[in-house]
file target.txt (compact mmCIF, N, CA and C atoms)
# COMPACT_ATOMS: atom_id res chain seq x y z
N MET A 862 -11.15 -17.79 -96.26
CA MET A 862 -10.55 -17.77 -94.94
C MET A 862 -10.77 -16.40 -94.31
N LEU A 863 -10.87 -16.39 -92.98
CA LEU A 863 -11.12 -15.14 -92.28
C LEU A 863 -9.87 -14.27 -92.22
N ASP A 864 -10.11 -13.01 -92.32
CA ASP A 864 -9.04 -12.03 -92.24
C ASP A 864 -8.56 -11.93 -90.79
N PRO A 865 -7.24 -11.89 -90.53
CA PRO A 865 -6.73 -11.77 -89.16
C PRO A 865 -7.29 -10.55 -88.43
N LYS A 866 -7.54 -9.48 -89.16
CA LYS A 866 -8.11 -8.27 -88.57
C LYS A 866 -9.51 -8.56 -88.03
N THR A 867 -10.27 -9.35 -88.80
CA THR A 867 -11.62 -9.71 -88.37
C THR A 867 -11.58 -10.53 -87.10
N LEU A 868 -10.63 -11.48 -87.05
CA LEU A 868 -10.49 -12.30 -85.85
C LEU A 868 -10.10 -11.47 -84.65
N GLU A 869 -9.23 -10.49 -84.83
CA GLU A 869 -8.85 -9.60 -83.74
C GLU A 869 -10.04 -8.79 -83.25
N ASP A 870 -10.86 -8.31 -84.20
CA ASP A 870 -12.05 -7.54 -83.83
C ASP A 870 -13.02 -8.39 -83.03
N ILE A 871 -13.22 -9.64 -83.47
CA ILE A 871 -14.12 -10.54 -82.75
C ILE A 871 -13.58 -10.81 -81.35
N GLY A 872 -12.28 -11.05 -81.25
CA GLY A 872 -11.67 -11.28 -79.95
C GLY A 872 -11.81 -10.08 -79.03
N ALA A 873 -11.63 -8.89 -79.57
CA ALA A 873 -11.76 -7.67 -78.77
C ALA A 873 -13.19 -7.48 -78.30
N LYS A 874 -14.15 -7.77 -79.17
CA LYS A 874 -15.56 -7.65 -78.78
C LYS A 874 -15.93 -8.67 -77.71
N MET A 875 -15.42 -9.89 -77.84
CA MET A 875 -15.68 -10.93 -76.84
C MET A 875 -15.07 -10.53 -75.50
N SER A 876 -13.87 -10.01 -75.51
CA SER A 876 -13.23 -9.56 -74.28
C SER A 876 -14.02 -8.44 -73.62
N ALA A 877 -14.51 -7.51 -74.44
CA ALA A 877 -15.31 -6.41 -73.91
C ALA A 877 -16.60 -6.93 -73.29
N LEU A 878 -17.24 -7.89 -73.95
CA LEU A 878 -18.47 -8.47 -73.41
C LEU A 878 -18.20 -9.18 -72.09
N LEU A 879 -17.14 -9.95 -72.04
CA LEU A 879 -16.81 -10.68 -70.82
C LEU A 879 -16.40 -9.74 -69.69
N ALA A 880 -15.75 -8.64 -70.04
CA ALA A 880 -15.32 -7.69 -69.02
C ALA A 880 -16.52 -7.05 -68.33
N ASN A 881 -17.62 -6.93 -69.03
CA ASN A 881 -18.82 -6.30 -68.46
C ASN A 881 -19.85 -7.31 -67.99
N SER A 882 -19.54 -8.58 -68.05
CA SER A 882 -20.52 -9.60 -67.70
C SER A 882 -20.36 -10.05 -66.25
N PRO A 883 -21.37 -10.71 -65.73
CA PRO A 883 -21.27 -11.27 -64.37
C PRO A 883 -20.17 -12.34 -64.26
N ALA A 884 -19.84 -12.98 -65.35
CA ALA A 884 -18.79 -14.01 -65.32
C ALA A 884 -17.46 -13.39 -64.90
N LYS A 885 -17.18 -12.19 -65.32
CA LYS A 885 -15.94 -11.51 -64.95
C LYS A 885 -15.94 -11.19 -63.46
N ASP A 886 -17.10 -10.78 -62.94
CA ASP A 886 -17.21 -10.51 -61.52
C ASP A 886 -17.00 -11.78 -60.71
N ILE A 887 -17.57 -12.88 -61.18
CA ILE A 887 -17.40 -14.16 -60.49
C ILE A 887 -15.94 -14.56 -60.49
N GLU A 888 -15.27 -14.36 -61.61
CA GLU A 888 -13.84 -14.68 -61.69
C GLU A 888 -13.03 -13.83 -60.71
N LYS A 889 -13.33 -12.54 -60.67
CA LYS A 889 -12.62 -11.65 -59.75
C LYS A 889 -12.86 -12.06 -58.31
N ASN A 890 -14.11 -12.37 -57.98
CA ASN A 890 -14.43 -12.78 -56.61
C ASN A 890 -13.76 -14.10 -56.25
N ALA A 891 -13.75 -15.04 -57.18
CA ALA A 891 -13.12 -16.33 -56.93
C ALA A 891 -11.61 -16.15 -56.69
N LYS A 892 -11.00 -15.29 -57.49
CA LYS A 892 -9.56 -15.03 -57.31
C LYS A 892 -9.30 -14.39 -55.96
N ALA A 893 -10.15 -13.48 -55.55
CA ALA A 893 -9.98 -12.82 -54.25
C ALA A 893 -10.14 -13.81 -53.11
N VAL A 894 -11.13 -14.70 -53.21
CA VAL A 894 -11.34 -15.70 -52.17
C VAL A 894 -10.14 -16.65 -52.11
N MET A 895 -9.67 -17.10 -53.25
CA MET A 895 -8.53 -18.03 -53.28
C MET A 895 -7.27 -17.35 -52.75
N SER A 896 -7.07 -16.10 -53.10
CA SER A 896 -5.90 -15.37 -52.59
C SER A 896 -5.97 -15.25 -51.07
N GLY A 897 -7.17 -14.99 -50.56
CA GLY A 897 -7.34 -14.91 -49.11
C GLY A 897 -7.05 -16.23 -48.42
N LEU A 898 -7.53 -17.32 -49.02
CA LEU A 898 -7.29 -18.64 -48.44
C LEU A 898 -5.81 -18.99 -48.46
N PHE A 899 -5.16 -18.72 -49.56
CA PHE A 899 -3.72 -19.02 -49.67
C PHE A 899 -2.91 -18.16 -48.71
N ALA A 900 -3.35 -16.93 -48.49
CA ALA A 900 -2.63 -16.04 -47.58
C ALA A 900 -2.69 -16.58 -46.15
N LYS A 901 -3.80 -17.22 -45.79
CA LYS A 901 -3.95 -17.76 -44.44
C LYS A 901 -3.11 -19.02 -44.23
N LEU A 902 -2.82 -19.73 -45.30
CA LEU A 902 -2.02 -20.94 -45.19
C LEU A 902 -0.55 -20.60 -45.09
N ASP A 903 0.19 -21.46 -44.46
CA ASP A 903 1.63 -21.23 -44.30
C ASP A 903 2.35 -21.90 -45.47
N LEU A 904 2.29 -21.27 -46.63
CA LEU A 904 2.86 -21.83 -47.85
C LEU A 904 4.20 -21.18 -48.17
N VAL A 905 5.04 -21.95 -48.86
CA VAL A 905 6.32 -21.42 -49.33
C VAL A 905 6.41 -21.66 -50.83
N THR A 906 7.29 -20.92 -51.46
CA THR A 906 7.49 -21.12 -52.89
C THR A 906 8.33 -22.37 -53.11
N ARG A 907 8.31 -22.86 -54.31
CA ARG A 907 9.11 -24.03 -54.66
C ARG A 907 10.60 -23.73 -54.46
N GLU A 908 11.01 -22.52 -54.81
CA GLU A 908 12.41 -22.13 -54.65
C GLU A 908 12.82 -22.17 -53.18
N GLU A 909 11.97 -21.63 -52.30
CA GLU A 909 12.27 -21.66 -50.87
C GLU A 909 12.34 -23.09 -50.35
N PHE A 910 11.43 -23.93 -50.84
CA PHE A 910 11.42 -25.33 -50.43
C PHE A 910 12.71 -26.03 -50.85
N ASP A 911 13.13 -25.81 -52.09
CA ASP A 911 14.35 -26.44 -52.58
C ASP A 911 15.58 -25.99 -51.79
N ILE A 912 15.63 -24.70 -51.46
CA ILE A 912 16.76 -24.18 -50.68
C ILE A 912 16.79 -24.86 -49.31
N GLN A 913 15.64 -24.96 -48.66
CA GLN A 913 15.59 -25.58 -47.34
C GLN A 913 15.93 -27.07 -47.41
N ALA A 914 15.55 -27.74 -48.50
CA ALA A 914 15.91 -29.14 -48.67
C ALA A 914 17.43 -29.30 -48.78
N GLN A 915 18.08 -28.38 -49.49
CA GLN A 915 19.54 -28.42 -49.60
C GLN A 915 20.20 -28.16 -48.25
N VAL A 916 19.67 -27.20 -47.50
CA VAL A 916 20.21 -26.91 -46.17
C VAL A 916 20.07 -28.15 -45.28
N LEU A 917 18.93 -28.80 -45.34
CA LEU A 917 18.71 -30.00 -44.54
C LEU A 917 19.67 -31.12 -44.94
N ALA A 918 19.91 -31.30 -46.22
CA ALA A 918 20.84 -32.33 -46.68
C ALA A 918 22.25 -32.05 -46.15
N ARG A 919 22.70 -30.80 -46.22
CA ARG A 919 24.03 -30.45 -45.69
C ARG A 919 24.09 -30.67 -44.18
N THR A 920 23.03 -30.33 -43.49
CA THR A 920 22.99 -30.51 -42.04
C THR A 920 23.06 -31.98 -41.68
N ARG A 921 22.38 -32.81 -42.44
CA ARG A 921 22.45 -34.25 -42.19
C ARG A 921 23.85 -34.79 -42.40
N GLU A 922 24.52 -34.30 -43.44
CA GLU A 922 25.90 -34.74 -43.69
C GLU A 922 26.81 -34.34 -42.53
N LYS A 923 26.67 -33.11 -42.04
CA LYS A 923 27.48 -32.65 -40.92
C LYS A 923 27.18 -33.47 -39.66
N LEU A 924 25.91 -33.78 -39.44
CA LEU A 924 25.53 -34.58 -38.29
C LEU A 924 26.15 -35.97 -38.35
N LYS A 925 26.14 -36.60 -39.51
CA LYS A 925 26.77 -37.92 -39.66
C LYS A 925 28.26 -37.84 -39.36
N ALA A 926 28.90 -36.80 -39.86
CA ALA A 926 30.34 -36.64 -39.62
C ALA A 926 30.61 -36.43 -38.13
N LEU A 927 29.81 -35.64 -37.47
CA LEU A 927 29.99 -35.40 -36.04
C LEU A 927 29.72 -36.67 -35.23
N GLU A 928 28.71 -37.44 -35.62
CA GLU A 928 28.43 -38.70 -34.92
C GLU A 928 29.61 -39.66 -35.05
N ALA A 929 30.17 -39.74 -36.26
CA ALA A 929 31.33 -40.61 -36.47
C ALA A 929 32.51 -40.14 -35.63
N ARG A 930 32.70 -38.83 -35.55
CA ARG A 930 33.80 -38.28 -34.75
C ARG A 930 33.61 -38.58 -33.27
N VAL A 931 32.40 -38.44 -32.76
CA VAL A 931 32.11 -38.74 -31.36
C VAL A 931 32.34 -40.23 -31.09
N ASP A 932 31.88 -41.07 -32.00
CA ASP A 932 32.11 -42.52 -31.84
C ASP A 932 33.60 -42.83 -31.77
N ALA A 933 34.38 -42.21 -32.65
CA ALA A 933 35.83 -42.44 -32.66
C ALA A 933 36.46 -41.96 -31.36
N LEU A 934 36.05 -40.81 -30.87
CA LEU A 934 36.58 -40.28 -29.61
C LEU A 934 36.19 -41.18 -28.44
N GLU A 935 34.98 -41.67 -28.43
CA GLU A 935 34.55 -42.56 -27.34
C GLU A 935 35.32 -43.88 -27.37
N LYS A 936 35.58 -44.39 -28.56
CA LYS A 936 36.34 -45.64 -28.67
C LYS A 936 37.78 -45.41 -28.21
N ALA A 937 38.34 -44.26 -28.60
CA ALA A 937 39.72 -43.95 -28.19
C ALA A 937 39.79 -43.77 -26.67
N ARG A 938 38.81 -43.17 -26.10
CA ARG A 938 38.80 -42.94 -24.66
C ARG A 938 38.59 -44.24 -23.89
N SER A 939 37.72 -45.10 -24.39
CA SER A 939 37.48 -46.37 -23.70
C SER A 939 38.66 -47.33 -23.87
N GLY A 940 39.48 -47.13 -24.86
CA GLY A 940 40.67 -47.98 -25.08
C GLY A 940 41.80 -47.62 -24.17
N GLN A 941 41.76 -46.46 -23.53
CA GLN A 941 42.86 -46.03 -22.66
C GLN A 941 42.85 -46.73 -21.35
call {"tool": "encode", "arguments": {"input": "target.txt", "output": "structure tokens"}}
result
Amino acid sequence: MLDPKTLEDIGAKMSALLANSPAKDIEKNAKAVMSGLFAKLDLVTREEFDIQAQVLARTREKLKALEARVDALEKARSGQ
């Protein structure tokens, strides 16, 4: 079986080779392009989305309550 030290050395050498290869440059460029594209889009985080969904749910509940109150007031007024 291979010695863990040998595996670490192989991994370090592979990382060094990849760091100096064109593949690493392509990866860096792709990340930069994707970051630029995402920056141009109007994106929000999942946390922000969830918070806004909760705010919307509360607003809908308040709207339903207000609609019911207006209906009750209109019925009371038309009954007079």
call {"tool": "atom_distance", "arguments": {"input": "target.txt", "atom1": "CA of Glu935 (chain A)", "atom2": "CA of Val916 (chain A)"}}
result
28.4 Å
call {"tool": "atom_distance", "arguments": {"input": "target.txt", "atom1": "CA of Leu879 (chain A)", "atom2": "atom C of Met895 (chain A)"}}
result
21.5 Å
call {"tool": "atom_distance", "arguments": {"input": "target.txt", "atom1": "atom N of Arg919 (chain A)", "atom2": "atom C of Leu902 (chain A)"}}
result
25.4 Å
call {"tool": "axis_aligned_box", "arguments": {"input": "target.txt", "around": "region 906-921 of chain A", "padding_each_side": "6 Å", "output": "JSON"}}
result
{"center_x": 15.7, "center_y": -27.9, "center_z": -48.2, "size_x": 28.8, "size_y": 25.9, "size_z": 25.1}
